[in-house]
$ cat coords-v6.txt   # compact mmCIF, C-alpha atoms and all ligand atoms
# COMPACT_ATOMS: atom_id res chain seq x y z
CA MET P 17 -12.62 -7.08 19.91
CA ALA P 18 -14.29 -6.73 16.49
CA PRO P 19 -13.97 -3.32 14.82
CA SER P 20 -16.99 -1.00 15.21
CA THR P 21 -19.41 -1.00 12.30
CA ALA P 22 -20.57 2.58 13.00
CA ARG P 23 -17.52 4.10 11.37
CA GLU P 24 -16.94 4.58 7.66
CA THR P 25 -15.30 1.58 6.04
CA ILE P 26 -11.98 1.71 4.22
CA PHE P 27 -10.24 -0.96 2.20
CA SER P 28 -6.64 -1.04 1.07
CA GLY P 29 -4.51 -3.80 -0.35
CA ILE P 30 -0.82 -4.45 -0.84
CA GLN P 31 0.89 -7.01 -3.04
CA PRO P 32 2.97 -9.70 -1.34
CA SER P 33 6.25 -8.35 -2.63
CA GLY P 34 8.10 -10.21 0.15
CA GLU P 35 9.05 -7.42 2.52
CA LEU P 36 8.20 -3.80 3.02
CA HIS P 37 10.59 -1.01 2.17
CA LEU P 38 10.71 2.63 3.16
CA GLY P 39 8.61 3.70 0.15
CA ASN P 40 5.68 1.38 1.04
CA TYR P 41 5.99 2.34 4.67
CA LEU P 42 5.97 6.10 4.18
CA GLY P 43 3.61 6.11 1.20
CA ALA P 44 0.96 3.75 2.55
CA VAL P 45 1.44 1.68 5.68
CA ARG P 46 2.17 4.51 8.16
CA ASN P 47 -1.04 6.11 6.95
CA TRP P 48 -2.98 2.86 7.41
CA VAL P 49 -1.74 2.61 11.00
CA ALA P 50 -3.01 6.13 11.67
CA LEU P 51 -6.41 5.42 10.07
CA GLN P 52 -7.18 2.51 12.38
CA ASP P 53 -8.60 4.76 15.10
CA SER P 54 -11.05 6.57 12.82
CA TYR P 55 -12.27 3.96 10.35
CA ARG P 56 -13.47 0.40 10.13
CA CYS P 57 -10.42 -0.92 8.30
CA PHE P 58 -9.94 -3.88 5.98
CA PHE P 59 -6.29 -4.38 5.01
CA CYS P 60 -5.49 -7.14 2.57
CA VAL P 61 -2.44 -8.91 1.16
CA VAL P 62 -3.57 -9.21 -2.45
CA ASP P 63 -2.06 -12.46 -3.65
CA TYR P 64 -4.50 -12.87 -6.56
CA HIS P 65 -3.37 -9.51 -7.94
CA ALA P 66 0.25 -10.67 -7.71
CA ILE P 67 -0.23 -13.65 -10.03
CA THR P 68 -0.72 -11.37 -13.05
CA GLN P 69 3.03 -10.67 -13.01
CA PRO P 70 5.78 -13.29 -13.46
CA PHE P 71 6.12 -15.18 -10.16
CA GLU P 72 7.27 -18.44 -8.62
CA PRO P 73 4.39 -20.39 -6.97
CA ALA P 74 6.70 -22.05 -4.44
CA GLU P 75 7.70 -18.59 -3.21
CA MET P 76 4.18 -17.25 -2.79
CA PRO P 77 3.40 -18.56 0.74
CA ARG P 78 6.60 -17.01 2.12
CA ARG P 79 5.97 -13.72 0.33
CA VAL P 80 2.46 -13.50 1.74
CA ARG P 81 3.53 -14.39 5.26
CA ASP P 82 6.48 -11.99 5.24
CA MET P 83 4.26 -9.14 4.07
CA ALA P 84 1.64 -9.86 6.72
CA THR P 85 4.36 -10.03 9.39
CA ASP P 86 5.82 -6.70 8.28
CA LEU P 87 2.39 -5.03 8.28
CA LEU P 88 1.77 -6.22 11.84
CA ALA P 89 5.26 -5.14 12.87
CA CYS P 90 4.59 -1.66 11.47
CA GLY P 91 1.54 -1.29 13.69
CA ILE P 92 -1.46 -2.82 11.93
CA ASP P 93 -3.42 -3.93 14.94
CA PRO P 94 -5.70 -6.98 14.53
CA ALA P 95 -7.83 -5.75 17.43
CA ARG P 96 -8.72 -2.60 15.48
CA SER P 97 -8.39 -3.73 11.84
CA THR P 98 -9.20 -6.77 9.77
CA LEU P 99 -5.99 -8.07 8.21
CA PHE P 100 -6.31 -10.99 5.80
CA VAL P 101 -5.15 -12.57 2.55
CA GLN P 102 -7.24 -11.99 -0.57
CA SER P 103 -7.39 -15.62 -1.72
CA ALA P 104 -8.79 -16.65 1.70
CA VAL P 105 -11.99 -14.77 0.78
CA PRO P 106 -13.09 -16.22 -2.59
CA GLU P 107 -15.99 -13.76 -2.78
CA HIS P 108 -13.47 -11.19 -4.11
CA THR P 109 -12.97 -13.09 -7.34
CA GLU P 110 -16.64 -14.04 -7.58
CA LEU P 111 -17.69 -10.40 -7.34
CA ALA P 112 -14.98 -9.38 -9.83
CA TRP P 113 -16.55 -11.72 -12.38
CA ALA P 114 -20.00 -10.25 -11.77
CA LEU P 115 -18.67 -6.69 -12.06
CA SER P 116 -16.87 -7.52 -15.29
CA ALA P 117 -20.28 -7.83 -16.93
CA VAL P 118 -20.81 -4.06 -16.56
CA THR P 119 -17.20 -2.94 -17.03
CA PRO P 120 -16.50 -1.25 -20.37
CA HIS P 121 -13.74 -3.15 -22.14
CA GLY P 122 -12.44 0.04 -23.77
CA GLU P 123 -11.89 1.73 -20.38
CA LEU P 124 -9.71 -1.17 -19.21
CA GLY P 125 -7.50 -0.84 -22.25
CA ARG P 126 -7.04 2.88 -21.55
CA MET P 127 -5.67 2.39 -18.01
CA THR P 128 -2.15 3.80 -17.71
CA GLN P 129 -0.99 0.89 -15.55
CA PHE P 130 -2.19 -1.63 -18.15
CA LYS P 131 -0.18 0.17 -20.81
CA GLU P 132 2.91 0.41 -18.58
CA LYS P 133 2.78 -3.25 -17.52
CA SER P 134 2.21 -4.37 -21.11
CA GLU P 135 5.23 -2.39 -22.27
CA LYS P 136 7.37 -3.72 -19.43
CA ASN P 137 6.43 -7.36 -20.06
CA PRO P 138 5.52 -7.61 -23.76
CA ASP P 139 5.74 -11.42 -23.56
CA ASN P 140 3.21 -11.62 -20.74
CA ILE P 141 0.27 -9.38 -21.62
CA ASN P 142 -2.31 -11.59 -19.95
CA ALA P 143 -6.01 -10.83 -19.49
CA GLY P 144 -5.42 -10.53 -15.74
CA ILE P 145 -3.39 -7.35 -16.28
CA LEU P 146 -6.31 -5.94 -18.26
CA THR P 147 -8.99 -6.90 -15.73
CA TYR P 148 -6.87 -6.10 -12.66
CA PRO P 149 -8.90 -2.92 -11.92
CA VAL P 150 -12.13 -4.97 -11.87
CA LEU P 151 -10.71 -7.17 -9.11
CA GLN P 152 -9.62 -3.99 -7.32
CA ALA P 153 -13.18 -2.67 -7.56
CA ALA P 154 -14.46 -5.97 -6.13
CA ASP P 155 -11.93 -5.76 -3.26
CA ILE P 156 -13.42 -2.42 -2.27
CA LEU P 157 -17.11 -3.04 -2.93
CA ILE P 158 -17.33 -6.44 -1.28
CA TYR P 159 -16.90 -4.65 2.10
CA GLY P 160 -19.03 -1.64 1.21
CA ALA P 161 -15.93 0.52 1.59
CA THR P 162 -16.69 4.17 0.96
CA ARG P 163 -13.13 5.42 1.38
CA VAL P 164 -9.96 4.13 -0.22
CA PRO P 165 -6.56 5.41 0.87
CA VAL P 166 -4.80 5.70 -2.47
CA GLY P 167 -1.84 7.43 -4.02
CA GLU P 168 -2.12 9.53 -7.16
CA ASP P 169 -1.08 6.52 -9.26
CA GLN P 170 -4.27 4.68 -8.24
CA ARG P 171 -6.67 7.57 -8.92
CA GLN P 172 -7.54 6.28 -12.41
CA HIS P 173 -8.45 2.81 -11.11
CA LEU P 174 -10.64 4.29 -8.39
CA GLU P 175 -12.43 6.44 -10.97
CA LEU P 176 -13.12 3.27 -12.95
CA ALA P 177 -14.46 1.57 -9.79
CA ARG P 178 -16.86 4.49 -9.39
CA GLU P 179 -17.99 4.12 -12.99
CA ILE P 180 -18.52 0.38 -12.46
CA VAL P 181 -20.73 1.18 -9.44
CA ARG P 182 -22.82 3.64 -11.48
CA LYS P 183 -23.29 1.15 -14.29
CA TRP P 184 -24.10 -1.70 -11.91
CA ASN P 185 -26.62 0.33 -9.90
CA ALA P 186 -28.28 1.57 -13.12
CA ARG P 187 -28.56 -1.96 -14.49
CA PHE P 188 -29.38 -4.01 -11.37
CA GLY P 189 -30.66 -1.47 -8.84
CA GLN P 190 -28.92 0.39 -6.01
CA THR P 191 -26.42 -2.06 -4.53
CA PHE P 192 -23.13 -0.25 -3.96
CA ALA P 193 -22.03 3.21 -2.83
CA GLU P 194 -19.41 5.00 -4.94
CA PRO P 195 -16.09 4.79 -3.08
CA GLU P 196 -14.10 7.98 -2.67
CA ALA P 197 -10.38 8.52 -2.47
CA LEU P 198 -8.81 9.26 0.85
CA PHE P 199 -5.63 11.05 -0.12
CA SER P 200 -3.05 11.56 2.57
CA SER P 201 -1.04 14.74 2.79
CA THR P 202 2.11 12.67 2.36
CA PRO P 203 4.78 14.56 0.41
CA LYS P 204 5.98 12.84 -2.76
CA ILE P 205 8.90 10.58 -1.86
CA LEU P 206 11.56 9.77 -4.39
CA GLY P 207 14.06 6.95 -4.16
CA LEU P 208 17.53 7.44 -2.71
CA ASP P 209 18.74 8.17 -6.24
CA GLY P 210 16.57 11.30 -6.11
CA GLN P 211 15.04 10.37 -9.47
CA ALA P 212 12.62 7.45 -9.62
CA LYS P 213 9.91 6.35 -7.20
CA MET P 214 11.26 4.14 -4.38
CA SER P 215 11.29 0.53 -5.51
CA LYS P 216 12.97 -2.65 -4.40
CA SER P 217 13.79 -3.66 -7.97
CA LEU P 218 15.53 -0.33 -8.63
CA GLY P 219 17.57 -0.73 -5.42
CA ASN P 220 16.89 2.89 -4.47
CA THR P 221 15.21 2.22 -1.15
CA ILE P 222 15.85 0.74 2.29
CA SER P 223 14.14 -2.48 3.33
CA LEU P 224 12.47 -2.40 6.74
CA ARG P 225 14.47 -5.57 7.46
CA GLU P 226 17.83 -4.03 6.70
CA ASN P 227 20.43 -3.74 9.48
CA ASP P 228 21.76 -0.35 10.59
CA GLU P 229 25.05 -0.66 8.76
CA SER P 230 23.47 -1.46 5.43
CA ALA P 231 20.73 1.17 5.84
CA TRP P 232 23.26 3.87 6.71
CA GLY P 233 25.45 2.82 3.76
CA LYS P 234 22.55 3.55 1.41
CA LEU P 235 21.52 6.77 3.10
CA ARG P 236 25.07 8.11 3.25
CA THR P 237 25.40 7.96 -0.54
CA ALA P 238 21.83 9.09 -1.31
CA ALA P 239 21.27 11.99 -3.73
CA THR P 240 20.95 15.52 -2.33
CA ASP P 241 20.28 18.93 -3.88
CA PRO P 242 22.27 18.53 -7.13
CA ALA P 243 23.26 22.22 -7.05
CA ARG P 244 25.15 21.69 -3.78
CA VAL P 245 28.43 20.44 -5.20
CA ARG P 246 30.90 21.58 -2.51
CA ARG P 247 30.50 21.72 1.28
CA THR P 248 30.70 25.52 1.07
CA ASP P 249 27.82 25.79 -1.46
CA PRO P 250 24.48 26.70 0.13
CA GLY P 251 21.73 24.20 -0.71
CA ASP P 252 17.99 24.31 -1.19
CA PRO P 253 16.15 21.82 1.06
CA ASP P 254 13.04 22.09 -1.12
CA LYS P 255 15.03 20.54 -3.97
CA CYS P 256 16.46 17.78 -1.80
CA ASN P 257 14.91 14.38 -1.23
CA ILE P 258 16.78 14.03 2.07
CA PHE P 259 14.85 17.00 3.39
CA THR P 260 11.59 15.37 2.24
CA LEU P 261 12.55 12.36 4.36
CA HIS P 262 13.30 14.65 7.34
CA ARG P 263 9.65 15.71 7.15
CA PHE P 264 8.67 12.14 8.09
CA PHE P 265 11.33 11.36 10.62
CA SER P 266 12.50 14.57 12.31
CA SER P 267 10.96 17.05 14.71
CA ALA P 268 9.92 20.52 13.52
CA GLU P 269 12.92 21.98 15.40
CA ARG P 270 15.32 19.63 13.66
CA GLN P 271 13.78 20.42 10.28
CA ALA P 272 14.22 24.16 10.96
CA GLU P 273 17.82 23.49 11.96
CA VAL P 274 18.38 21.62 8.67
CA ARG P 275 16.81 24.41 6.63
CA THR P 276 19.01 27.08 8.21
CA GLY P 277 22.14 24.94 8.12
CA CYS P 278 21.60 23.95 4.50
CA THR P 279 20.76 27.37 3.08
CA THR P 280 23.75 28.98 4.83
CA ALA P 281 26.15 26.07 4.18
CA GLY P 282 26.41 25.80 7.97
CA ILE P 283 26.05 22.01 7.85
CA GLY P 284 27.32 19.39 5.45
CA CYS P 285 25.11 16.82 3.78
CA ILE P 286 26.62 14.00 5.83
CA ASP P 287 25.71 15.84 9.08
CA CYS P 288 22.23 16.28 7.72
CA LYS P 289 21.94 12.60 6.82
CA LYS P 290 23.23 11.53 10.25
CA TRP P 291 20.41 13.51 11.84
CA LEU P 292 17.93 11.90 9.48
CA PHE P 293 19.29 8.46 10.25
CA GLU P 294 18.53 8.92 13.97
CA GLY P 295 14.82 9.06 13.12
CA VAL P 296 14.97 6.30 10.51
CA LYS P 297 16.82 4.04 12.95
CA ALA P 298 14.27 4.61 15.72
CA ASP P 299 11.46 3.41 13.42
CA LEU P 300 13.46 0.49 12.02
CA HIS P 301 14.35 -0.66 15.54
CA ARG P 302 10.76 -0.42 16.77
CA ILE P 303 9.49 -2.39 13.74
CA ARG P 304 12.26 -4.96 14.10
CA ALA P 305 11.49 -5.53 17.79
CA ARG P 306 7.80 -6.06 17.05
CA ARG P 307 8.63 -8.44 14.18
CA GLU P 308 10.87 -10.49 16.47
CA GLU P 309 8.08 -10.67 19.04
CA LEU P 310 5.69 -11.96 16.38
CA LEU P 311 8.15 -14.51 15.09
CA ALA P 312 8.86 -15.74 18.63
CA THR P 313 5.26 -16.91 18.97
CA PRO P 314 4.74 -19.87 16.66
CA GLN P 315 1.60 -19.56 14.53
CA ALA P 316 0.87 -15.99 15.73
CA VAL P 317 0.70 -14.51 12.23
CA ASP P 318 -1.28 -17.47 10.84
CA THR P 319 -3.81 -17.15 13.65
CA ILE P 320 -4.23 -13.41 13.03
CA LEU P 321 -4.71 -13.97 9.29
CA ALA P 322 -7.20 -16.79 9.85
CA GLU P 323 -9.27 -14.63 12.21
CA GLY P 324 -9.05 -11.72 9.74
CA ALA P 325 -10.28 -13.95 6.90
CA ARG P 326 -13.14 -15.22 9.06
CA ARG P 327 -14.28 -11.67 9.81
CA ALA P 328 -13.81 -10.49 6.22
CA ARG P 329 -15.67 -13.48 4.85
CA ALA P 330 -18.69 -12.86 7.05
CA VAL P 331 -19.09 -9.41 5.46
CA ALA P 332 -18.19 -10.53 1.93
CA ALA P 333 -20.67 -13.44 2.04
CA GLU P 334 -23.53 -11.06 2.90
CA THR P 335 -22.61 -8.81 -0.02
CA MET P 336 -22.56 -11.76 -2.40
CA VAL P 337 -26.04 -12.87 -1.29
CA ARG P 338 -27.35 -9.43 -2.35
CA VAL P 339 -25.32 -9.48 -5.57
CA ARG P 340 -26.58 -12.92 -6.60
CA GLN P 341 -30.16 -11.87 -5.85
CA ARG P 342 -29.71 -8.85 -8.12
CA LEU P 343 -28.35 -11.05 -10.87
CA GLY P 344 -30.92 -13.79 -10.44
CA VAL P 345 -28.23 -16.46 -10.10
CA ALA P 346 -28.41 -19.22 -7.51
CA GLY P 347 -24.92 -19.38 -6.04
CA PRO P 348 -23.73 -22.23 -3.82
CA LYS P 349 -26.24 -24.34 -1.87
CA ASP P 350 -25.09 -24.67 1.77
FE1 LIG P 401 19.91 18.09 1.36
FE2 LIG P 401 20.56 18.27 3.90
FE3 LIG P 401 22.44 18.47 2.00
FE4 LIG P 401 20.68 20.41 2.35
S1 LIG P 401 22.22 19.75 3.82
S2 LIG P 401 21.31 19.51 0.39
S3 LIG P 401 18.82 19.28 2.91
S4 LIG P 401 21.22 16.68 2.47
$ encode --input "coords-v6.txt" --output "structure tokens" --more "lines below"
Ligand code: SF4
Amino acid sequence: MAPSTARETIFSGIQPSGELHLGNYLGAVRNWVALQDSYRCFFCVVDYHAITQPFEPAEMPRRVRDMATDLLACGIDPARSTLFVQSAVPEHTELAWALSAVTPHGELGRMTQFKEKSEKNPDNINAGILTYPVLQAADILIYGATRVPVGEDQRQHLELAREIVRKWNARFGQTFAEPEALFSSTPKILGLDGQAKMSKSLGNTISLRENDESAWGKLRTAATDPARVRRTDPGDPDKCNIFTLHRFFSSAERQAEVRTGCTTAGIGCIDCKKWLFEGVKADLHRIRARREELLATPQAVDTILAEGARRARAVAAETMVRVRQRLGVAGPKD
């Protein structure tokens, strides 16, 4: 069944980092799964974005496939959403080029992520890192998406996309709507070190593919309220990342039990983490079972991605016809 076109359209992309971890899941993918019932959703594995960072070409197909498999295992439903790989829809990069003609160069250089990536990889400050937000704008606009589920760290890029739309429409006539952010009420999640954002490279997260023993090993040693040094010290759940995680995985009753137990030193941090792990485990097991189902059917993921690309391309091709007309360029002859 194709998704309804009467609903507002959203677009969101994720880099093929190989496999999902708890931070991606809680910060983005769980939200995507929930949005499927209310929006016409386009979810994309953005492989062309990934090539702006150091990478190994031979690894790319596996990274893309693993990410798509994990998204499906988490609950992205191809009957309700269009799931596809960015490079399978070449209109993304074509539109990005067209949009670059109205994108202020100075704005790109001011993007915080450009500065951070340039500092992190001073030997690889390529033009792709600079123009990355233009491709992001194209990803959104090619589907006429009016809503974009983003975290705070993407707000600046979305603002730039809106500016690109205003400049384009002023120059070439009304073509695109300004996309708006769709912020979730997700609490800010820190890594298990209680300091930095969850990230695979920092090793402060749990992979959705991790087994119970390994996942519990990481959770057991995760940072808690730093003021709670001894078992007899009362703690403050609002200063503890473990409690933040309880808000995703535990019932309201269990959260209340944690709050009382923590503030009165009635429970220890290991008890608290064992309770949390019950919820984490339930999600990991459900995702694992679905992944195994997918992997048991040869070609299942490839078929879903091919159908997603076909659907996405039908929409993207229509947009590009309008864009080329506005520009007065011919485009391909069929
Ligand atoms: Fe954090 Fe739970 Fe320990 Fe309180 S009891 S400090 S909420 S881990």
$ closest_residue --input "coords-v6.txt" --among "P:Asp287, P:Asp82, P:Glu334, P:Asp318" --to "ligand LIG 401 (chain P)" --atoms "all atoms listed in the file"
P:Asp287
$ closest_residue --input "coords-v6.txt" --among "P:Thr240, P:Gln211, P:Thr280, P:Thr319" --to "ligand LIG 401 (chain P)" --atoms "all atoms listed in the file"
P:Thr240
$ atom_distance --input "coords-v6.txt" --atom1 "atom CA of Gln69 of chain P" --atom2 "atom CA of Pro120 of chain P"
22.9 Å
$ residues_around --input "coords-v6.txt" --residues "Tyr64 of chain P" --least-positions-apart "4" --cutoff "8 Å" --atoms "only C-alpha atoms" --output "NGL selection string"
:P and (68 or 102-103)
$ write_last_selection --input "coords-v6.txt" --atoms "C-alpha atoms" --output "JSON list (two decimals), in the coordinates of the input"
[["chain", "number", "residue", "atom", "x", "y", "z"],
["P", 68, "THR", "CA", -0.72, -11.37, -13.05],
["P", 102, "GLN", "CA", -7.24, -11.99, -0.57],
["P", 103, "SER", "CA", -7.39, -15.62, -1.72]]
$ residues_around --input "coords-v6.txt" --residues "segment 250-266 of chain P" --least-positions-apart "5" --cutoff "9 Å" --atoms "all atoms listed in the file" --output "ChimeraX atom specification"
/P:42,202-210,235,238-245,271,274-275,277-282,285,288-289,291-296,298-299
$ axis_aligned_box --input "coords-v6.txt" --around "ligand LIG 401 (chain P)" --padding-each-side "4 Å" --output "lines of an AutoDock Vina configuration file"
center_x = 20.6
center_y = 18.5
center_z = 2.1
size_x = 11.6
size_y = 11.7
size_z = 11.5
$ residues_around --input "coords-v6.txt" --residues "segment 185-199 of chain P" --least-positions-apart "6" --cutoff "10 Å" --atoms "only C-alpha atoms" --output "PyMOL selection string"
chain P and resi 25-27+47+118+153+156-168+170-171+174-175+177-179+335+338-339+341-344
$ atom_distance --input "coords-v6.txt" --atom1 "atom CA of Arg225 of chain P" --atom2 "atom FE1 of ligand LIG 401 (chain P)"
25.0 Å
$ residues_near_point --input "coords-v6.txt" --point "(20.3, 1.6, 4.0)" --cutoff "10 Å" --atoms "all atoms listed in the file" --output "PyMOL selection string"
chain P and resi 38+208+220-238+293+296-297
$ closest_residue --input "coords-v6.txt" --among "P:Ala316, P:Ala325, P:Ala332, P:Ile286" --to "ligand LIG 401 (chain P)" --atoms "only C-alpha atoms and all ligand atoms"
P:Ile286
$ atom_distance --input "coords-v6.txt" --atom1 "atom CA of Lys133 of chain P" --atom2 "atom CA of Ile30 of chain P"
17.1 Å
$ closest_residue --input "coords-v6.txt" --among "P:Ala212, P:Met127, P:Leu311, P:Val80" --to "Gln172 of chain P" --atoms "only C-alpha atoms"
P:Met127
$ closest_residue --input "coords-v6.txt" --among "P:Ala95, P:Leu151, P:Ala272, P:Ala104" --to "ligand LIG 401 (chain P)" --atoms "all atoms listed in the file"
P:Ala272
$ decode --input "coords-v6.txt" --residues "segment 269-278 of chain P" --atoms "all heavy atoms" --output "short mmCIF file (atom, residue, chain, number, x, y, z; two decimals), in the first residue's frame"
data_model
loop_
_atom_site.label_atom_id
_atom_site.label_comp_id
_atom_site.auth_asym_id
_atom_site.auth_seq_id
_atom_site.Cartn_x
_atom_site.Cartn_y
_atom_site.Cartn_z
N GLU P 269 5.24 4.23 37.03
CA GLU P 269 5.32 3.70 38.40
C GLU P 269 6.78 3.38 38.75
O GLU P 269 7.25 3.70 39.83
CB GLU P 269 4.50 2.40 38.54
CG GLU P 269 3.00 2.57 38.44
CD GLU P 269 2.51 2.81 37.00
OE1 GLU P 269 3.21 2.38 36.05
OE2 GLU P 269 1.45 3.44 36.84
N ARG P 270 7.46 2.76 37.81
CA ARG P 270 8.85 2.40 38.07
C ARG P 270 9.71 3.67 38.21
O ARG P 270 10.58 3.76 39.09
CB ARG P 270 9.35 1.51 36.93
CG ARG P 270 10.78 1.01 36.95
CD ARG P 270 11.30 0.45 38.24
NE ARG P 270 10.68 -0.67 38.86
CZ ARG P 270 10.92 -1.97 38.63
NH1 ARG P 270 11.78 -2.33 37.75
NH2 ARG P 270 10.33 -2.91 39.33
N GLN P 271 9.43 4.66 37.40
CA GLN P 271 10.19 5.92 37.51
C GLN P 271 9.96 6.56 38.89
O GLN P 271 10.89 7.10 39.49
CB GLN P 271 9.76 6.89 36.41
CG GLN P 271 10.21 6.48 35.02
CD GLN P 271 9.71 7.44 33.96
OE1 GLN P 271 9.83 8.64 34.10
NE2 GLN P 271 9.15 6.91 32.90
N ALA P 272 8.70 6.50 39.37
CA ALA P 272 8.40 7.08 40.69
C ALA P 272 9.14 6.30 41.77
O ALA P 272 9.68 6.87 42.72
CB ALA P 272 6.90 7.04 40.93
N GLU P 273 9.19 4.99 41.58
CA GLU P 273 9.89 4.12 42.54
C GLU P 273 11.39 4.47 42.58
O GLU P 273 12.01 4.53 43.63
CB GLU P 273 9.70 2.68 42.06
CG GLU P 273 9.65 1.63 43.13
CD GLU P 273 9.30 0.25 42.53
OE1 GLU P 273 8.81 0.19 41.38
OE2 GLU P 273 9.57 -0.73 43.20
N VAL P 274 11.95 4.73 41.39
CA VAL P 274 13.37 5.10 41.31
C VAL P 274 13.58 6.44 42.02
O VAL P 274 14.52 6.61 42.81
CB VAL P 274 13.84 5.21 39.84
CG1 VAL P 274 15.22 5.87 39.74
CG2 VAL P 274 13.86 3.84 39.17
N ARG P 275 12.71 7.39 41.74
CA ARG P 275 12.88 8.72 42.33
C ARG P 275 12.88 8.64 43.86
O ARG P 275 13.76 9.19 44.53
CB ARG P 275 11.77 9.67 41.83
CG ARG P 275 11.94 11.10 42.31
CD ARG P 275 10.97 12.03 41.62
NE ARG P 275 11.30 12.32 40.24
CZ ARG P 275 12.26 13.17 39.85
NH1 ARG P 275 12.98 13.82 40.75
NH2 ARG P 275 12.50 13.36 38.58
N THR P 276 11.91 7.91 44.40
CA THR P 276 11.83 7.80 45.86
C THR P 276 13.05 7.04 46.40
O THR P 276 13.70 7.49 47.36
CB THR P 276 10.53 7.04 46.27
OG1 THR P 276 9.44 7.71 45.66
CG2 THR P 276 10.35 7.01 47.77
N GLY P 277 13.35 5.92 45.75
CA GLY P 277 14.46 5.10 46.23
C GLY P 277 15.78 5.83 46.17
O GLY P 277 16.64 5.70 47.07
N CYS P 278 15.97 6.62 45.13
CA CYS P 278 17.24 7.34 44.96
C CYS P 278 17.37 8.48 45.97
O CYS P 278 18.39 8.60 46.64
CB CYS P 278 17.29 7.88 43.52
SG CYS P 278 18.76 8.83 43.13
#
